[in-house]
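For reference, the structure is listed below as structure tokens.
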Amino acid sequence: MLDMHRDARTTIRTFVTERLAPAVGLSSLGDEDDLIDSGVVDSLGIFQLIAFLEERFGIKIGDEEITPENFGTVAAIDRLVASRSR
Amino acid sequence: MAYLLQQLLTSSVQRHPDQLAVRARGSSLTYAELETRSSQLAHLLRDRGVGRGDRVGLFFPKSVESVVAMLGVLKAGAVYVPLDPHAPVRRIAGIVENCGLRALVTTADKRRALPPAAVSCTVLVSGEPGGPDEMPWSALGAFPAAPPPEVSVEGDLAYILYTSGSTGQPKGVMLTHRNALTFVDWCAATFAIRPEDHLSNHAPLHFDLSVFDVYNAIEAGATVSMIPEETALFPQRLTAFIEEQRITVWYSVPSALVYLVMHGDLAARDLDRLRLVLFAGEVFPMKYLRQLADLLPHTELYNLYGPTETNVCTYHRVDRFRLAGQERLPIGRACANTEVLAVGEDGRLVEHGATGELFVRGPSLTPGYWGDPDKTARALVPNSFAPHLGERLYRTGDLVTLDEHGEYLFLGRRDSQVKSRGYRIELGEIEAALYAHPAVVEAVVIAVRDEEVGSRLRAVVAVRPEEGPTASALQAHCAGLVPRYMVPETITFQSSLPKTSTGKIDRTRLAAEMEA
């Protein structure tokens, strides 16, 4: 279980680092680094991210869950995914 | 009558000094405060050597300081250049060099990200100065509160907006005070903005939709609420913002409204104050426009049309009774003091009902592209219909036809420019970014039509097999050169791309394969 959890976080971090961060000139990201003020997650990035999470983890993210609390950091996204995969 | 944009502020200060002019991120400024701060910034800039016609970059997230900076630069007799705070540093550095920025208003963090030699004078809206060339925002307080004497005339430049260029370099559309005021005056008369109105500002400041939000609020003595970039990301936050800030007038690209219709839970909010919703920048899918009209039964809806080079040149008021039967929403009729013409390939006006390219004439036309007389000459052509006037027409590149109501319909483009989320994108600029990768041998970018966002970008490339970058490595490469909305969503590989009989890459065939 612990391993699966770690895998999810790695998967999320890899997507954010490889697909979203380069657009704002960042090459590495900590799990607690801000994704919103930095522009890593922007109006386009948030949809790419949601589409990725829904497909990769087989979950559905509701409109009311699209909030800065759930998408502000890699750790927050991981918590959102974990809460849905139980 | 105002002939300079900043004179709109002068006249509103006299009428409503204590009225809120701008709100952003919990801060606000009254008209009197906006007048004082912007005058102080103008004096500071002049003190640092910024003179008439010099370009000053604005490079920071939206805030009340954004509006201070726009007006402060104008009062100094200079020209502001809004820069996308999230664009790749290399693209920003290219723009800084292209327009020869004299000064920059930015944050300490953003300044560090740019090459040190980029500009000689920096004003920081936040953060600590890192050297003698950098002035903190608090330095404004030492300068006089009265505006410096006016030196500009209406034909002087007010701002430059950079837009995608087909050869790989963004191009700077120059706009004069007269250009902007032609639009602002038309909006003021058409939409009757009042001091009680609360306008939102959704568009980024480097996008010309924001000209309405900021200057029509100021013209009327109304309040503009800048929507922070991070609020616009979260649909239900955005709906809450409209309700809580008591927004009465909204202007955005259709995709932002589609986003609210789909995810914003508009029905749960009290939006009765929202009297006017304007949209422009791309085609509004009819399915979602009908839903929006149902969700906002008391709101007037307008489709505005016009490229950055002319700002809005035609408009159409949405008719709720016609909406159910309409296949496409007209772009409508010409605005006041503007004429639009549909011109055929033979250079003559087309018959009613035939297809032609839309040409525009009037005082809203840009004088051209910064430092690019060739592109300017291609886009702005002599008015052969009235040669004695010695004026120019702007060729939009948009194909149109007149409908039975005498309104224009937009049919498509005559080149490879596409729209995605209202952003104007030259596919050639993305292809140039792909070719800049050493392993790429051939590249083509196709825009696949999409209801929600206008179009999605798909790239097909051929690479040197021994180097073989992955799709995500190529996307990261592009992300370093072009804004995110221009990075292809998918990249597929072929050993070589199909060619037409003349040896060009066969876009039509590749596009057909993707649509299939």
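Lettering and numbering for the structure tokens are positional, with chains as A, B, ... in the shown order, residues counted from 1 in each chain, and ligands counted from 1 in the shown order.
Counting only C-alpha atoms, Leu53 (chain A) has the following residues at most 12 Å away, ignoring those fewer than 4 positions along the same chain: A:Ala8, A:Arg9, A:Thr11, A:Ile12, A:Arg13, A:Phe15, A:Val16, A:Ile46, A:Phe47, A:Gln48, A:Leu49, A:Phe57, A:Gly58, A:Ile59, A:Lys60, A:Ile61, A:Phe71, A:Ile77, A:Asp78, A:Leu80, A:Val81, A:Ala82, A:Arg84, A:Ser85.
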(request) Report as a list in words the set of chain A residues whose atoms approach chain B to within 8 Å, with distances computed over only C-alpha atoms. (result) Glu18, Arg19, Pro22, Ala23, Val24, Gly25, Ile36, Asp37, Gly39, Asp42, Ser43, Leu44, Ile46, Asp63, Glu64, Ile66, Thr67 and Pro68 of chain A
(message) Please extract the residues of region 275-457 of chain B with a backbone DSSP assignment of helix (DSSP H, G or I) and present them as an NGL selection string.
(response) :B and (286-295 or 320-323 or 373-379 or 387-389 or 427-435)
With C-alpha atoms retained, could you export that selection as a short mmCIF file (atom, residue, chain, number, x, y, z; two decimals), in the first residue's frame?
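Result written to out31.cif:
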```cif
data_model
loop_
_atom_site.label_atom_id
_atom_site.label_comp_id
_atom_site.auth_asym_id
_atom_site.auth_seq_id
_atom_site.Cartn_x
_atom_site.Cartn_y
_atom_site.Cartn_z
CA MET B 286 -23.56 27.70 -30.52
CA LYS B 287 -24.37 24.80 -28.19
CA TYR B 288 -22.63 26.52 -25.26
CA LEU B 289 -23.83 29.99 -26.19
CA ARG B 290 -27.44 28.77 -25.96
CA GLN B 291 -26.69 27.30 -22.52
CA LEU B 292 -25.09 30.57 -21.41
CA ALA B 293 -28.09 32.55 -22.63
CA ASP B 294 -30.38 30.25 -20.59
CA LEU B 295 -28.21 30.56 -17.48
CA ARG B 320 -32.33 35.34 -28.02
CA PHE B 321 -35.24 34.73 -30.36
CA ARG B 322 -32.96 33.91 -33.28
CA LEU B 323 -30.44 31.91 -31.25
CA PRO B 373 8.15 47.61 -42.48
CA ASP B 374 7.83 44.53 -44.72
CA LYS B 375 5.13 42.86 -42.62
CA THR B 376 3.48 46.25 -42.20
CA ALA B 377 3.34 46.79 -45.98
CA ARG B 378 1.76 43.36 -46.48
CA ALA B 379 -0.95 43.92 -43.86
CA PRO B 387 -6.88 56.62 -53.76
CA HIS B 388 -7.19 60.40 -53.26
CA LEU B 389 -7.46 59.85 -49.49
CA LEU B 427 1.35 27.48 -36.88
CA GLY B 428 4.61 28.59 -38.53
CA GLU B 429 5.90 29.93 -35.21
CA ILE B 430 5.41 26.52 -33.58
CA GLU B 431 6.99 24.74 -36.54
CA ALA B 432 9.97 27.10 -36.27
CA ALA B 433 10.29 26.12 -32.59
CA LEU B 434 10.25 22.41 -33.52
CA TYR B 435 12.86 22.92 -36.26
#
```
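Running DSSP on the backbone and keeping only strand (DSSP E), the residues of region 435-513 of chain B that qualify are Val440, Val441, Glu442, Ala443, Val444, Val445, Ile446, Ala447, Val448, Arg449, Asp450, Gly454, Ser455, Arg456, Leu457, Arg458, Ala459, Val460, Val461, Ala462, Val463, Thr490, Ile491, Thr492 and Phe493 of chain B.
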(message) If I take CA of Ala268 (chain B) and CA of Pro297 (chain B), how far is one from the other in Å, to one decimal?
(response)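 Interatomic distance, CA of Ala268 (chain B) to CA of Pro297 (chain B): 14.0 Å.
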(message) List as a list in words the protein and nucleic acid residues near Thr73 (chain A), meaning an atom at most 6 Å away when only C-alpha atoms are counted, but skip any in the same chain fewer than 3 places from it.
(response)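 Near Thr73 (chain A), the qualifying residues are Glu32, Asp33, Asp34, Leu35 and Ala76 of chain A.
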Go ahead and save the residues from that selection, with N, CA, C and O atoms, as an mmCIF file, in the first residue's frame.
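Contents of out_5.cif, as written:
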```
data_model
loop_
_atom_site.group_PDB
_atom_site.id
_atom_site.type_symbol
_atom_site.label_atom_id
_atom_site.label_comp_id
_atom_site.auth_asym_id
_atom_site.auth_seq_id
_atom_site.Cartn_x
_atom_site.Cartn_y
_atom_site.Cartn_z
ATOM 1 N N GLU A 32 6.322 20.152 -2.207
ATOM 2 C CA GLU A 32 5.583 21.226 -1.532
ATOM 3 C C GLU A 32 5.741 22.570 -2.249
ATOM 4 O O GLU A 32 5.290 23.591 -1.751
ATOM 5 N N ASP A 33 6.413 22.573 -3.393
ATOM 6 C CA ASP A 33 6.581 23.841 -4.122
ATOM 7 C C ASP A 33 5.257 24.297 -4.717
ATOM 8 O O ASP A 33 4.493 23.486 -5.241
ATOM 9 N N ASP A 34 5.023 25.598 -4.651
ATOM 10 C CA ASP A 34 3.800 26.179 -5.195
ATOM 11 C C ASP A 34 3.703 25.974 -6.702
ATOM 12 O O ASP A 34 4.675 26.191 -7.428
ATOM 13 N N LEU A 35 2.542 25.543 -7.175
ATOM 14 C CA LEU A 35 2.354 25.315 -8.607
ATOM 15 C C LEU A 35 1.541 26.421 -9.271
ATOM 16 O O LEU A 35 1.506 26.520 -10.487
ATOM 17 N N ALA A 76 -0.445 18.061 -2.604
ATOM 18 C CA ALA A 76 -1.896 18.244 -2.518
ATOM 19 C C ALA A 76 -2.613 17.399 -3.572
ATOM 20 O O ALA A 76 -3.633 16.768 -3.282
#
```
(message) Give me the residues near Arg424 (chain B) as an MDAnalysis selection string, where near means some atom within 12 Å (using only C-alpha atoms) and where sequence neighbours in that chain fewer than 2 positions away do not count.
(response) chainID B and resid 162:166 170:171 207:208 253 280:282 306:308 413 416:422 426:427 429 454:455 483 485:486
Please write the residues from the selection above to a file, keeping C-alpha atoms, as a tab-separated table (two decimals), in the first residue's frame.
```
chain	number	residue	atom	x	y	z
B	162	TYR	CA	3.03	41.28	-29.17
B	163	THR	CA	1.26	38.53	-31.07
B	164	SER	CA	2.35	35.28	-32.72
B	165	GLY	CA	4.38	35.69	-35.92
B	166	SER	CA	4.41	33.15	-38.76
B	170	PRO	CA	6.48	37.43	-32.27
B	171	LYS	CA	5.44	40.70	-33.93
B	207	PHE	CA	-4.31	40.80	-24.83
B	208	ASP	CA	-6.34	43.72	-26.22
B	253	VAL	CA	-12.84	35.04	-24.80
B	280	ALA	CA	-14.41	38.19	-28.65
B	281	GLY	CA	-11.34	36.43	-29.94
B	282	GLU	CA	-12.75	33.24	-31.40
B	306	GLY	CA	-11.59	42.38	-34.59
B	307	PRO	CA	-7.88	41.58	-34.70
B	308	THR	CA	-5.38	43.36	-32.42
B	413	ARG	CA	-8.82	32.07	-42.56
B	416	SER	CA	-2.47	29.11	-41.38
B	417	GLN	CA	-3.35	31.30	-38.40
B	418	VAL	CA	-5.56	29.50	-35.85
B	419	LYS	CA	-7.24	30.38	-32.58
B	420	SER	CA	-7.02	28.36	-29.41
B	421	ARG	CA	-8.67	29.68	-26.26
B	422	GLY	CA	-8.90	33.01	-28.03
B	426	GLU	CA	0.67	31.16	-36.26
B	427	LEU	CA	1.35	27.48	-36.88
B	429	GLU	CA	5.90	29.93	-35.21
B	454	GLY	CA	-11.37	26.33	-30.54
B	455	SER	CA	-8.58	24.07	-31.68
B	483	PRO	CA	3.93	30.17	-24.66
B	485	TYR	CA	-0.94	27.61	-25.43
B	486	MET	CA	1.33	27.08	-28.46
```
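Closest approach to Ala142 (chain B) among B:Asn98, B:Ser200, B:Ser225, B:Gln40: B:Gln40, based on only C-alpha atoms.
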